[in-house]
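Below: upload36.cif (mmCIF, C-alpha atoms)
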data_coords
#
loop_
_atom_site.label_atom_id
_atom_site.label_comp_id
_atom_site.auth_asym_id
_atom_site.auth_seq_id
_atom_site.Cartn_x
_atom_site.Cartn_y
_atom_site.Cartn_z
CA MET A 1 35.90 -18.31 31.91
CA GLY A 2 33.65 -17.93 34.97
CA ASP A 3 30.54 -20.08 34.93
CA GLN A 4 30.67 -20.54 31.18
CA MET A 5 31.74 -23.86 29.74
CA MET A 6 33.35 -24.24 26.35
CA VAL A 7 31.67 -26.91 24.25
CA TRP A 8 33.56 -28.46 21.34
CA ARG A 9 31.55 -29.85 18.48
CA ASP A 10 33.02 -32.20 15.90
CA GLU A 11 31.76 -31.24 12.45
CA GLN A 12 32.67 -32.99 9.25
CA GLU A 13 31.91 -30.64 6.40
CA ALA A 14 32.85 -31.07 2.77
CA ASP A 15 35.20 -28.47 1.36
CA GLY A 16 32.98 -26.01 -0.50
CA ARG A 17 35.75 -24.78 -2.80
CA VAL A 18 34.94 -24.79 -6.52
CA GLU A 19 38.00 -25.19 -8.74
CA ARG A 20 36.56 -23.87 -12.01
CA VAL A 21 34.08 -21.03 -11.64
CA ALA A 22 32.68 -18.22 -13.77
CA ALA A 23 30.83 -15.12 -12.56
CA LEU A 24 28.75 -12.60 -14.50
CA ASP A 25 28.02 -8.99 -13.63
CA ILE A 26 24.99 -8.32 -15.82
CA ALA A 27 23.66 -5.08 -17.29
CA LYS A 28 20.98 -4.49 -19.91
CA ALA A 29 23.16 -4.59 -23.03
CA SER A 30 26.14 -6.64 -21.85
CA ALA A 31 27.76 -8.55 -19.04
CA VAL A 32 31.28 -8.72 -17.64
CA VAL A 33 32.50 -12.31 -17.26
CA CYS A 34 35.18 -13.38 -14.79
CA LEU A 35 36.62 -16.89 -15.29
CA ARG A 36 38.86 -18.38 -12.57
CA VAL A 37 40.55 -21.76 -13.10
CA PRO A 38 43.55 -23.55 -11.54
CA GLY A 39 47.00 -22.50 -12.76
CA ALA A 40 50.51 -23.79 -12.22
CA GLY A 41 51.09 -24.93 -8.67
CA ALA A 42 48.79 -23.25 -6.18
CA ARG A 43 48.20 -20.21 -8.39
CA ARG A 44 44.83 -19.27 -9.86
CA VAL A 45 44.41 -18.02 -13.44
CA GLN A 46 41.85 -15.27 -13.93
CA ARG A 47 40.41 -13.77 -17.11
CA THR A 48 37.76 -11.05 -17.48
CA TRP A 49 36.02 -9.85 -20.61
CA LYS A 50 32.74 -8.33 -21.80
CA VAL A 51 29.94 -10.26 -23.56
CA ALA A 52 26.97 -8.74 -25.38
CA ALA A 53 23.52 -9.65 -24.06
CA LEU A 54 22.53 -11.28 -27.37
CA THR A 55 21.53 -14.89 -27.95
CA SER A 56 24.44 -15.69 -30.28
CA ALA A 57 27.01 -14.13 -27.94
CA ILE A 58 25.61 -15.94 -24.89
CA ASN A 59 25.63 -19.26 -26.75
CA GLU A 60 29.28 -18.72 -27.67
CA LEU A 61 30.01 -17.94 -24.01
CA GLY A 62 28.28 -21.16 -22.99
CA ASP A 63 30.40 -23.21 -25.41
CA LEU A 64 33.57 -21.59 -24.07
CA LEU A 65 32.66 -22.29 -20.46
CA VAL A 66 31.84 -25.91 -21.28
CA CYS A 67 35.21 -26.31 -23.00
CA GLN A 68 36.94 -24.85 -19.92
CA GLY A 69 35.19 -27.42 -17.71
CA VAL A 70 33.48 -24.77 -15.59
CA GLU A 71 31.72 -26.38 -12.62
CA LEU A 72 29.59 -23.42 -11.54
CA VAL A 73 28.34 -20.18 -13.11
CA VAL A 74 27.02 -17.51 -10.74
CA MET A 75 25.22 -14.28 -11.51
CA GLU A 76 23.56 -11.57 -9.46
CA ALA A 77 19.83 -10.99 -9.75
CA THR A 78 19.61 -7.71 -11.70
CA GLY A 79 16.06 -6.86 -12.72
CA ASP A 80 15.06 -9.23 -15.52
CA TYR A 81 18.37 -8.90 -17.38
CA TRP A 82 19.69 -12.14 -15.87
CA ARG A 83 17.05 -14.29 -17.58
CA PRO A 84 18.66 -14.76 -21.05
CA PHE A 85 22.03 -15.58 -19.51
CA PHE A 86 20.50 -18.01 -17.01
CA TYR A 87 18.25 -19.81 -19.48
CA LEU A 88 20.78 -20.13 -22.31
CA LEU A 89 23.71 -21.18 -20.12
CA GLU A 90 21.49 -23.66 -18.29
CA SER A 91 20.45 -25.16 -21.64
CA ARG A 92 24.16 -25.78 -22.35
CA GLY A 93 24.26 -28.17 -19.39
CA LEU A 94 26.08 -25.78 -17.05
CA ARG A 95 25.24 -25.52 -13.34
CA VAL A 96 23.98 -21.94 -13.00
CA TRP A 97 23.21 -20.12 -9.75
CA LEU A 98 21.28 -16.90 -9.32
CA VAL A 99 22.33 -15.23 -6.07
CA ASN A 100 20.77 -12.53 -3.95
CA ALA A 101 22.37 -9.10 -4.35
CA ARG A 102 22.34 -8.70 -0.56
CA ASP A 103 24.74 -11.66 -0.19
CA VAL A 104 27.35 -10.42 -2.65
CA LYS A 105 27.97 -6.84 -1.59
CA ASN A 106 31.57 -5.79 -2.08
CA VAL A 107 33.81 -4.63 0.76
CA PRO A 108 33.10 -0.94 1.57
CA GLY A 109 35.80 1.49 0.53
CA ARG A 110 36.88 -0.39 -2.60
CA ALA A 111 36.37 0.85 -6.12
CA LYS A 112 33.02 -0.01 -7.71
CA THR A 113 33.31 -1.21 -11.29
CA ASP A 114 31.64 -3.99 -13.28
CA ARG A 115 34.95 -5.82 -13.62
CA LEU A 116 35.69 -5.73 -9.89
CA ASP A 117 32.14 -6.82 -9.09
CA ALA A 118 32.53 -9.85 -11.38
CA VAL A 119 35.89 -10.74 -9.79
CA TRP A 120 34.46 -10.43 -6.28
CA LEU A 121 31.47 -12.61 -7.22
CA ALA A 122 33.79 -15.27 -8.66
CA LYS A 123 35.96 -15.30 -5.54
CA LEU A 124 32.95 -15.72 -3.28
CA ALA A 125 31.63 -18.56 -5.45
CA GLU A 126 34.92 -20.49 -5.59
CA ARG A 127 35.14 -20.40 -1.78
CA GLY A 128 31.59 -21.75 -1.35
CA MET A 129 30.31 -18.58 0.32
CA LEU A 130 27.13 -18.16 -1.75
CA ARG A 131 23.67 -19.69 -1.73
CA ALA A 132 21.60 -20.23 -4.85
CA SER A 133 18.19 -18.60 -5.16
CA PHE A 134 15.20 -20.82 -5.82
CA ILE A 135 14.52 -20.97 -9.56
CA PRO A 136 11.67 -23.39 -10.44
CA PRO A 137 11.80 -25.58 -13.56
CA ARG A 138 10.59 -24.23 -16.89
CA PRO A 139 6.94 -25.50 -16.75
CA VAL A 140 6.50 -23.86 -13.35
CA ARG A 141 8.14 -20.64 -14.58
CA GLU A 142 5.70 -20.50 -17.49
CA LEU A 143 2.76 -21.06 -15.12
CA GLN A 144 4.24 -18.33 -12.93
CA ASP A 145 4.24 -15.91 -15.86
CA LEU A 146 0.54 -16.58 -16.48
CA THR A 147 -0.59 -16.10 -12.86
CA ARG A 148 1.44 -12.91 -12.55
CA LEU A 149 0.03 -11.59 -15.83
CA ARG A 150 -3.46 -12.33 -14.58
CA GLU A 151 -2.82 -10.35 -11.41
CA VAL A 152 -1.58 -7.42 -13.49
CA LEU A 153 -4.71 -7.54 -15.68
CA VAL A 154 -6.97 -7.74 -12.61
CA GLY A 155 -5.26 -4.61 -11.31
CA GLU A 156 -5.81 -2.87 -14.66
CA ARG A 157 -9.47 -3.86 -14.62
CA THR A 158 -9.83 -2.42 -11.13
CA ARG A 159 -8.38 0.88 -12.38
CA TYR A 160 -10.97 1.05 -15.17
CA ARG A 161 -13.78 0.23 -12.74
CA ASN A 162 -12.65 2.94 -10.36
CA ARG A 163 -12.63 5.34 -13.30
CA VAL A 164 -16.27 4.44 -14.03
CA GLU A 165 -17.13 5.50 -10.49
CA LYS A 166 -15.40 8.85 -11.05
CA VAL A 167 -17.35 9.48 -14.26
CA LEU A 168 -20.64 8.79 -12.44
CA GLU A 169 -19.64 11.14 -9.64
CA ASP A 170 -18.94 13.86 -12.20
CA ALA A 171 -22.42 13.26 -13.61
CA LEU A 172 -23.94 13.50 -10.09
CA ILE A 173 -25.02 9.85 -10.27
CA LYS A 174 -24.78 8.25 -6.81
CA LEU A 175 -25.63 4.72 -7.90
CA SER A 176 -22.89 3.12 -5.76
CA LEU A 177 -24.66 4.29 -2.58
CA GLU A 178 -27.32 1.61 -3.11
CA ALA A 179 -25.69 -0.84 -5.56
CA SER A 180 -22.56 -2.16 -3.84
CA ASP A 181 -21.31 -3.77 -7.09
CA LEU A 182 -21.59 -1.57 -10.14
CA PHE A 183 -20.49 -4.48 -12.32
CA GLY A 184 -23.00 -7.00 -11.02
CA VAL A 185 -26.06 -8.00 -13.03
CA SER A 186 -28.15 -5.03 -11.91
CA GLY A 187 -25.37 -2.45 -11.92
CA ARG A 188 -24.11 -3.39 -15.36
CA ALA A 189 -27.64 -3.28 -16.83
CA MET A 190 -28.05 0.26 -15.50
CA LEU A 191 -24.68 1.37 -16.87
CA ASP A 192 -25.52 -0.04 -20.30
CA ALA A 193 -28.86 1.77 -20.23
CA LEU A 194 -27.10 5.08 -19.49
CA VAL A 195 -24.65 4.50 -22.35
CA SER A 196 -27.45 3.61 -24.78
CA GLY A 197 -29.19 6.95 -24.14
CA GLN A 198 -31.74 6.18 -21.43
CA ARG A 199 -32.04 9.05 -18.97
CA SER A 200 -35.22 8.29 -17.01
CA PRO A 201 -34.36 7.39 -13.38
CA ALA A 202 -37.58 5.35 -13.07
CA VAL A 203 -36.85 3.23 -16.15
CA ILE A 204 -33.20 2.66 -15.19
CA ALA A 205 -34.06 1.82 -11.56
CA ASP A 206 -36.58 -0.77 -12.78
CA LEU A 207 -33.66 -2.77 -14.25
CA ALA A 208 -32.68 -3.84 -10.71
CA ARG A 209 -32.69 -7.57 -10.04
CA GLY A 210 -32.86 -9.72 -6.92
CA THR A 211 -32.79 -8.06 -3.51
CA LEU A 212 -31.88 -4.73 -5.12
CA ARG A 213 -35.51 -4.36 -6.27
CA ASN A 214 -36.39 -3.57 -2.66
CA LYS A 215 -34.37 -0.35 -3.09
CA ILE A 216 -36.04 0.92 -6.27
CA PRO A 217 -37.35 4.18 -4.64
CA ALA A 218 -33.85 4.95 -3.32
CA LEU A 219 -32.28 3.99 -6.66
CA ARG A 220 -34.44 6.53 -8.47
CA LYS A 221 -33.07 9.31 -6.27
CA THR A 222 -29.45 8.25 -6.79
CA LEU A 223 -29.98 8.30 -10.58
CA GLU A 224 -31.21 11.91 -10.64
CA GLY A 225 -28.13 13.67 -12.03
CA ARG A 226 -26.93 15.45 -15.15
CA PHE A 227 -25.62 12.57 -17.20
CA THR A 228 -24.70 13.90 -20.66
CA GLU A 229 -23.38 12.48 -23.94
CA HIS A 230 -19.90 13.48 -22.79
CA HIS A 231 -20.21 11.11 -19.83
CA ALA A 232 -21.77 8.41 -22.03
CA TYR A 233 -18.78 8.55 -24.41
CA GLN A 234 -16.30 8.08 -21.56
CA LEU A 235 -18.38 5.32 -20.01
CA ARG A 236 -18.61 3.47 -23.32
CA LEU A 237 -14.81 3.36 -23.66
CA LEU A 238 -14.30 2.30 -20.05
CA LEU A 239 -16.87 -0.49 -20.26
CA ALA A 240 -15.33 -1.75 -23.50
CA ASN A 241 -11.91 -1.98 -21.82
CA ASN A 242 -13.48 -3.69 -18.83
CA ASP A 243 -15.14 -6.30 -21.07
CA ARG A 244 -11.89 -6.87 -22.96
CA LEU A 245 -10.01 -7.49 -19.72
CA ASP A 246 -12.81 -9.76 -18.47
CA ALA A 247 -12.39 -11.93 -21.55
CA GLN A 248 -8.59 -12.03 -21.24
CA ILE A 249 -8.75 -12.91 -17.53
CA ALA A 250 -11.23 -15.71 -18.24
CA GLU A 251 -8.91 -17.03 -20.96
CA LEU A 252 -5.97 -16.95 -18.55
CA ASP A 253 -8.02 -18.78 -15.91
CA ALA A 254 -8.67 -21.64 -18.32
CA GLU A 255 -5.02 -21.78 -19.44
CA ILE A 256 -3.74 -21.76 -15.84
CA GLU A 257 -6.05 -24.65 -14.96
CA ARG A 258 -4.76 -26.61 -17.96
CA ARG A 259 -1.11 -25.95 -17.09
CA ILE A 260 -1.64 -27.12 -13.51
CA ARG A 261 -3.29 -30.32 -14.74
CA ASP A 262 -0.24 -30.91 -16.93
CA LEU A 263 2.04 -30.43 -13.91
CA GLU A 264 0.00 -32.89 -11.86
CA ALA A 265 0.23 -35.47 -14.65
CA GLY A 266 3.93 -35.92 -13.86
CA ALA A 267 3.49 -35.93 -10.07
CA PRO A 268 2.25 -38.70 -7.75
CA ARG A 269 -1.55 -38.86 -7.69
CA PRO A 270 -3.49 -39.10 -4.41
CA PRO A 271 -5.56 -42.25 -3.76
CA ASP A 272 -8.87 -40.45 -4.23
CA GLY A 273 -7.71 -38.59 -7.34
CA MET A 274 -8.41 -35.12 -5.88
CA GLY A 275 -6.35 -32.40 -7.54
CA VAL A 276 -3.93 -30.12 -5.72
CA LEU A 277 -6.15 -27.07 -6.23
CA GLU A 278 -9.12 -28.81 -4.63
CA ARG A 279 -6.99 -29.87 -1.65
CA LEU A 280 -5.56 -26.37 -1.16
CA ASP A 281 -9.03 -24.86 -1.57
CA GLU A 282 -10.11 -26.64 1.63
CA ILE A 283 -7.80 -24.40 3.71
CA PRO A 284 -9.87 -21.56 5.29
CA GLY A 285 -9.39 -18.31 3.36
CA VAL A 286 -7.70 -19.96 0.36
CA GLY A 287 -9.72 -19.62 -2.83
CA ARG A 288 -9.10 -20.97 -6.29
CA ALA A 289 -6.95 -18.03 -7.41
CA CYS A 290 -4.84 -18.14 -4.23
CA ALA A 291 -4.28 -21.90 -4.65
CA GLN A 292 -3.17 -21.33 -8.25
CA ALA A 293 -0.74 -18.61 -7.13
CA ILE A 294 0.78 -20.91 -4.48
CA VAL A 295 1.35 -23.71 -7.00
CA ALA A 296 2.76 -21.28 -9.57
CA GLU A 297 5.27 -19.72 -7.17
CA ILE A 298 6.61 -22.84 -5.41
CA GLY A 299 5.70 -25.69 -7.79
CA LEU A 300 4.79 -29.24 -6.81
CA ASP A 301 8.30 -30.46 -5.91
CA MET A 302 9.08 -29.61 -2.29
CA SER A 303 12.63 -30.99 -2.38
CA ALA A 304 13.95 -27.40 -2.51
CA PHE A 305 12.27 -26.75 0.86
CA PRO A 306 13.13 -29.57 3.31
CA THR A 307 10.62 -28.38 5.93
CA PRO A 308 7.63 -26.01 6.11
CA GLY A 309 9.86 -23.65 8.09
CA HIS A 310 12.31 -23.42 5.19
CA LEU A 311 9.47 -22.46 2.85
CA ALA A 312 8.10 -19.86 5.27
CA SER A 313 11.58 -18.40 5.73
CA TRP A 314 12.13 -18.22 1.95
CA ALA A 315 8.77 -16.44 1.56
CA LYS A 316 9.88 -13.94 4.25
CA LEU A 317 7.02 -14.81 6.60
CA THR A 318 9.33 -15.60 9.53
CA PRO A 319 10.67 -12.84 11.84
CA ARG A 320 14.43 -12.42 11.63
CA ALA A 321 16.21 -13.57 14.81
CA ILE A 322 18.55 -10.99 16.37
CA GLN A 323 20.75 -12.09 19.28
CA SER A 324 23.32 -9.85 20.93
CA GLY A 325 24.71 -10.68 24.33
CA SER A 326 21.84 -11.68 26.59
CA LYS A 327 19.21 -9.96 24.43
CA ASN A 328 17.09 -11.92 21.97
CA THR A 329 14.82 -9.91 19.71
CA HIS A 330 13.04 -10.30 16.39
CA GLY A 331 13.54 -8.16 13.32
CA PRO A 332 11.20 -7.55 10.38
CA THR A 333 10.30 -10.44 8.10
CA GLY A 334 11.58 -8.73 4.93
CA LYS A 335 10.04 -8.12 1.52
CA GLY A 336 9.97 -11.60 0.04
CA ASN A 337 8.04 -12.70 -3.03
CA ARG A 338 5.18 -10.22 -3.42
CA TRP A 339 3.39 -12.48 -5.91
CA LEU A 340 3.10 -15.09 -3.15
CA LYS A 341 2.79 -12.88 -0.06
CA GLY A 342 -0.06 -10.87 -1.62
CA PRO A 343 -2.47 -13.82 -2.12
CA LEU A 344 -1.44 -15.30 1.24
CA GLY A 345 -2.18 -11.99 2.95
CA GLN A 346 -5.63 -11.89 1.36
CA ALA A 347 -6.25 -15.49 2.44
CA ALA A 348 -5.18 -14.67 6.01
CA ASN A 349 -7.43 -11.62 6.03
CA SER A 350 -10.35 -13.85 5.07
CA ALA A 351 -9.46 -16.70 7.44
CA LYS A 352 -9.08 -14.48 10.51
CA ARG A 353 -12.82 -13.73 10.56
CA GLY A 354 -13.98 -17.35 10.46
CA GLN A 355 -14.96 -19.68 13.26
CA THR A 356 -12.02 -21.99 12.54
CA PHE A 357 -8.71 -22.83 14.17
CA LEU A 358 -6.94 -20.12 12.15
CA GLY A 359 -9.57 -17.55 13.09
CA ALA A 360 -9.29 -18.46 16.78
CA ARG A 361 -5.49 -18.34 16.56
CA TYR A 362 -5.62 -14.84 15.08
CA ARG A 363 -7.91 -13.62 17.87
CA ARG A 364 -5.50 -15.04 20.46
CA LEU A 365 -2.46 -13.44 18.81
CA ILE A 366 -3.88 -9.92 18.63
CA ARG A 367 -4.08 -9.85 22.43
CA HIS A 368 -0.32 -9.36 22.63
CA MET A 369 0.86 -8.23 19.18
CA PRO A 370 -0.17 -5.77 16.42
CA LYS A 371 -2.86 -6.95 14.04
CA LYS A 372 -0.56 -6.87 11.01
CA LYS A 373 1.94 -9.17 12.69
CA ALA A 374 -0.84 -11.53 13.70
CA GLN A 375 -2.10 -11.61 10.10
CA THR A 376 1.43 -12.38 8.90
CA ALA A 377 1.53 -15.29 11.36
CA ILE A 378 -1.73 -16.66 9.92
CA ALA A 379 -0.33 -16.29 6.38
CA ARG A 380 2.67 -18.34 7.49
CA ASN A 381 0.38 -21.05 8.93
CA ILE A 382 -1.52 -21.22 5.62
CA LEU A 383 1.73 -21.61 3.66
CA GLU A 384 2.96 -24.33 6.04
CA ILE A 385 -0.33 -26.21 5.63
CA ALA A 386 0.04 -25.88 1.84
CA TRP A 387 3.56 -27.37 2.08
CA HIS A 388 2.21 -30.49 3.78
CA LEU A 389 -0.65 -30.88 1.29
CA ILE A 390 1.67 -30.50 -1.72
CA ASN A 391 4.47 -32.63 -0.29
CA ASP A 392 2.15 -35.55 0.56
CA PRO A 393 -0.76 -35.89 -1.92
CA ALA A 394 -2.45 -38.41 0.39
CA LEU A 395 -3.03 -35.78 3.10
CA ARG A 396 -6.26 -33.82 3.49
CA PHE A 397 -6.88 -30.66 5.41
CA ARG A 398 -8.79 -31.14 8.66
CA ASP A 399 -9.70 -28.10 10.71
CA LEU A 400 -8.90 -28.42 14.42
CA GLY A 401 -11.85 -26.23 15.37
CA PRO A 402 -12.05 -22.82 17.06
CA ASP A 403 -12.02 -24.39 20.55
CA TRP A 404 -8.78 -26.31 20.07
CA HIS A 405 -6.76 -23.97 22.29
CA GLU A 406 -9.29 -24.22 25.12
CA ARG A 407 -9.41 -28.00 24.90
CA HIS A 408 -5.61 -28.25 25.08
CA LEU A 409 -5.05 -25.48 27.60
CA ASN A 410 -3.22 -26.25 30.84
CA GLN A 411 -6.07 -25.95 33.35
CA ALA A 412 -3.85 -25.36 36.36
CA ARG A 413 -2.02 -22.53 34.64
CA ALA A 414 -5.27 -20.97 33.41
CA THR A 415 -6.73 -21.13 36.94
CA ARG A 416 -3.62 -19.50 38.40
CA ASN A 417 -3.65 -16.72 35.79
CA HIS A 418 -7.33 -15.90 36.32
CA GLN A 419 -6.90 -15.92 40.10
CA ARG A 420 -3.92 -13.60 39.89
CA ALA A 421 -5.84 -11.23 37.61
CA LEU A 422 -8.74 -11.00 40.07
CA GLU A 423 -6.38 -10.43 43.00
CA ASN A 424 -4.70 -7.61 41.12
CA LEU A 425 -8.13 -5.99 40.82
CA GLY A 426 -8.52 -6.08 44.64
CA TYR A 427 -10.59 -9.25 45.09
CA THR A 428 -9.99 -12.06 47.56
CA VAL A 429 -10.42 -15.31 45.68
CA THR A 430 -11.50 -18.60 47.23
CA LEU A 431 -11.71 -21.54 44.84
CA THR A 432 -14.23 -24.33 45.30
CA ARG A 433 -14.39 -27.10 42.71
CA ALA A 434 -17.90 -27.61 41.35
#
Once you've parsed the file, please lay out its structure as structure tokens.
Amino acid sequence: MGDQMMVWRDEQEADGRVERVAALDIAKASAVVCLRVPGAGARRVQRTWKVAALTSAINELGDLLVCQGVELVVMEATGDYWRPFFYLLESRGLRVWLVNARDVKNVPGRAKTDRLDAVWLAKLAERGMLRASFIPPRPVRELQDLTRLREVLVGERTRYRNRVEKVLEDALIKLSLEASDLFGVSGRAMLDALVSGQRSPAVIADLARGTLRNKIPALRKTLEGRFTEHHAYQLRLLLANNDRLDAQIAELDAEIERRIRDLEAGAPRPPDGMGVLERLDEIPGVGRACAQAIVAEIGLDMSAFPTPGHLASWAKLTPRAIQSGSKNTHGPTGKGNRWLKGPLGQAANSAKRGQTFLGARYRRLIRHMPKKKAQTAIARNILEIAWHLINDPALRFRDLGPDWHERHLNQARATRNHQRALENLGYTVTLTRA
């Protein structure tokens, strides 16, 4: 064996075999069920059949599986079609797992049918070769639906606002050159004036408020176009849709706040009574909406994630380790939960510009890695901080400061690195302590 030494490690692991298991290969209108239970002797008895994706049929399936004493039901994540099966079977008291499609791929070269997929899934489950995906409890899932719906509506509102800009461009109105926010107080007043029939650039420019009044002469020039009733009609419809979405988003904001307060009512309260959103809001870059998204996606019970590293790995914010022979490299982080990674990416983008520990860390990282990877690292740090704040309500965020790295830097190593850099540039360095 050369210089290598064989190390034996004594591991005591429980047998992961499941005696009574059922697996479902789910489609939109139906699912193929494979039930495997013990038979005579060492044999296994297997039965496969099709079940309609209807509430009554799924309830009947749940009763049958309960009568058979099934210990585990597994299903592959297929779009949103798994939800009725998961929810209804779970309500029957069965232990239900949703598994990642990547972990249950069949052996290449074999036939691909729904029945064979269900059999393969059942065999993997009974041998303990699968891991369950994280499915939060029902109150958190409902909160999740609301935050995701809000993000969809915000995206729709952005589309309408971009369309307003296109209508103004068609009318030769260059208002956005001077007014950075067309839907601020000043910008909205000018848009309403155009819709109501006002065409005088001087009168419309005089509606500016605040610091924008200093730009009134320039505003008059940007409002000199050919705005017609055709443009006014389009603008009226777009503004009405924008206002409707504004009202719906505000309603969702209030409902999300209420749902989070209800979640906190059943969780341990911190000594000072500060809510989880207020504690998360203290993290640089994390705003109210980002804090709500974090709570909605991971909940307030961190028992599913033993460490911050487990949470970061689940969110696909950790580079994949690749080791082959003597080479150790890192692969891509993966897709992950876009409803969580999106707000975290925005928070990291905001935090990297601040004079905080996270901002200083980002500026150190970009010296030796691409900016996108550095931003992903900051997003991971934010999520790990959130794990600590949620897991222990008594904790508070305390920024280490932008000079933390310098204060904890190894002075001898820094001196040696700077000296070597100067010598590489052709200098002779003599050090004298001040």
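Closest approach to Leu98 (chain A) from the set A:Ile26, A:Thr158, A:Ile204, A:Leu54 is made by A:Ile26, with distances taken over only C-alpha atoms.
Distance-wise, CA of Thr211 (chain A) and CA of Glu224 (chain A) end up 21.3 Å apart.
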(message) Which residues are near region 395-411 of chain A? Cut-off 6 Å, all atoms listed in the file, ignore same chain within fewer than 5 positions. Put them as number ranges by chain.
(response) A: 355-357, 360, 389
Restricting the output to C-alpha atoms, write the selected residues as a tab-separated table (two decimals), in the frame of the given file.
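Dumped to again_22.tsv:
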chain	number	residue	atom	x	y	z
A	355	GLN	CA	-14.96	-19.68	13.26
A	356	THR	CA	-12.02	-21.99	12.54
A	357	PHE	CA	-8.71	-22.83	14.17
A	360	ALA	CA	-9.29	-18.46	16.78
A	389	LEU	CA	-0.65	-30.88	1.29
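Across the structure, CA of Ala101 (chain A) and CA of Trp82 (chain A) are spaced 12.2 Å apart.
Atom to atom, CA of Arg269 (chain A) and CA of Met302 (chain A) stand 15.1 Å apart.
Considering only C-alpha atoms, the residue among A:Glu423, A:Glu297, A:Asp206, A:Glu178 positioned nearest to Leu143 (chain A) is A:Glu297.
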(request) Using the chain letters and numbers from the file, give me the residues hit by the PyMOL selection byres ((chain A and resi 237-243) around 8), as a list of chain:residue names. (result) A:Arg157, A:Tyr160, A:Arg161, A:Arg163, A:Val164, A:Tyr233, A:Gln234, A:Leu235, A:Arg236, A:Arg244, A:Leu245, A:Asp246, A:Ala247
Preceding selection exported with C-alpha atoms as a PDB file, keeping the file's coordinate frame:
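Output contents, as saved in selection34.pdb:
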ATOM      1  CA  ARG A 157      -9.470  -3.860 -14.620  1.00  0.00           C
ATOM      2  CA  TYR A 160     -10.970   1.050 -15.170  1.00  0.00           C
ATOM      3  CA  ARG A 161     -13.780   0.230 -12.740  1.00  0.00           C
ATOM      4  CA  ARG A 163     -12.630   5.340 -13.300  1.00  0.00           C
ATOM      5  CA  VAL A 164     -16.270   4.440 -14.030  1.00  0.00           C
ATOM      6  CA  TYR A 233     -18.780   8.550 -24.410  1.00  0.00           C
ATOM      7  CA  GLN A 234     -16.300   8.080 -21.560  1.00  0.00           C
ATOM      8  CA  LEU A 235     -18.380   5.320 -20.010  1.00  0.00           C
ATOM      9  CA  ARG A 236     -18.610   3.470 -23.320  1.00  0.00           C
ATOM     10  CA  ARG A 244     -11.890  -6.870 -22.960  1.00  0.00           C
ATOM     11  CA  LEU A 245     -10.010  -7.490 -19.720  1.00  0.00           C
ATOM     12  CA  ASP A 246     -12.810  -9.760 -18.470  1.00  0.00           C
ATOM     13  CA  ALA A 247     -12.390 -11.930 -21.550  1.00  0.00           C
TER      14      ALA A 247
END
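Among the candidate residues A:Val185, A:Ala421, A:Leu252, A:Ala193, the one lying nearest to Val152 (chain A) is A:Leu252, with distances computed using only C-alpha atoms.
With only C-alpha atoms as the basis for measurement, A:Glu76 is the residue among A:Glu76, A:Glu255, A:Glu90, A:Glu169 that approaches Arg131 (chain A) most closely.
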Care to translate the PyMOL selection byres ((chain A and resi 134) around 10) into actual residues of this file, as a JSON list (two decimals) with C-alpha atoms, in the coordinates of the input?
[["chain", "number", "residue", "atom", "x", "y", "z"],
["A", 97, "TRP", "CA", 23.21, -20.12, -9.75],
["A", 98, "LEU", "CA", 21.28, -16.90, -9.32],
["A", 99, "VAL", "CA", 22.33, -15.23, -6.07],
["A", 131, "ARG", "CA", 23.67, -19.69, -1.73],
["A", 132, "ALA", "CA", 21.60, -20.23, -4.85],
["A", 133, "SER", "CA", 18.19, -18.60, -5.16],
["A", 135, "ILE", "CA", 14.52, -20.97, -9.56],
["A", 136, "PRO", "CA", 11.67, -23.39, -10.44],
["A", 137, "PRO", "CA", 11.80, -25.58, -13.56],
["A", 298, "ILE", "CA", 6.61, -22.84, -5.41],
["A", 304, "ALA", "CA", 13.95, -27.40, -2.51],
["A", 305, "PHE", "CA", 12.27, -26.75, 0.86],
["A", 314, "TRP", "CA", 12.13, -18.22, 1.95]]
(request) Translate the PyMOL selection byres ((chain A and resi 189) around 12), as applied to the file shown, into an explicit residue set as a VMD selection string. (result) chain A and resid 179 181 to 188 190 to 196 198 203 to 209 239
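Taking all atoms listed in the file into account, Glu278 (chain A) lies nearest to A:Ala386 out of the set A:Leu358, A:Ala386, A:Leu64, A:Val37.
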(message) List as a VMD selection string the residues having at least one atom at most 12 Å from position (5.0, -22.5, -8.4) as given in the file, counting all atoms listed in the file.
(response) chain A and resid 134 to 148 256 259 to 260 263 290 to 302 304 337 339 to 340 386 to 387 390
(request) Would you kindly return, as a PyMOL selection string, each protein, DNA or RNA residue with an atom no farther than 9 Å from any atom of Arg92 (chain A), considering only C-alpha atoms and excluding same-chain residues fewer than 5 positions away? (result) chain A and resi 59+62-63+66+87
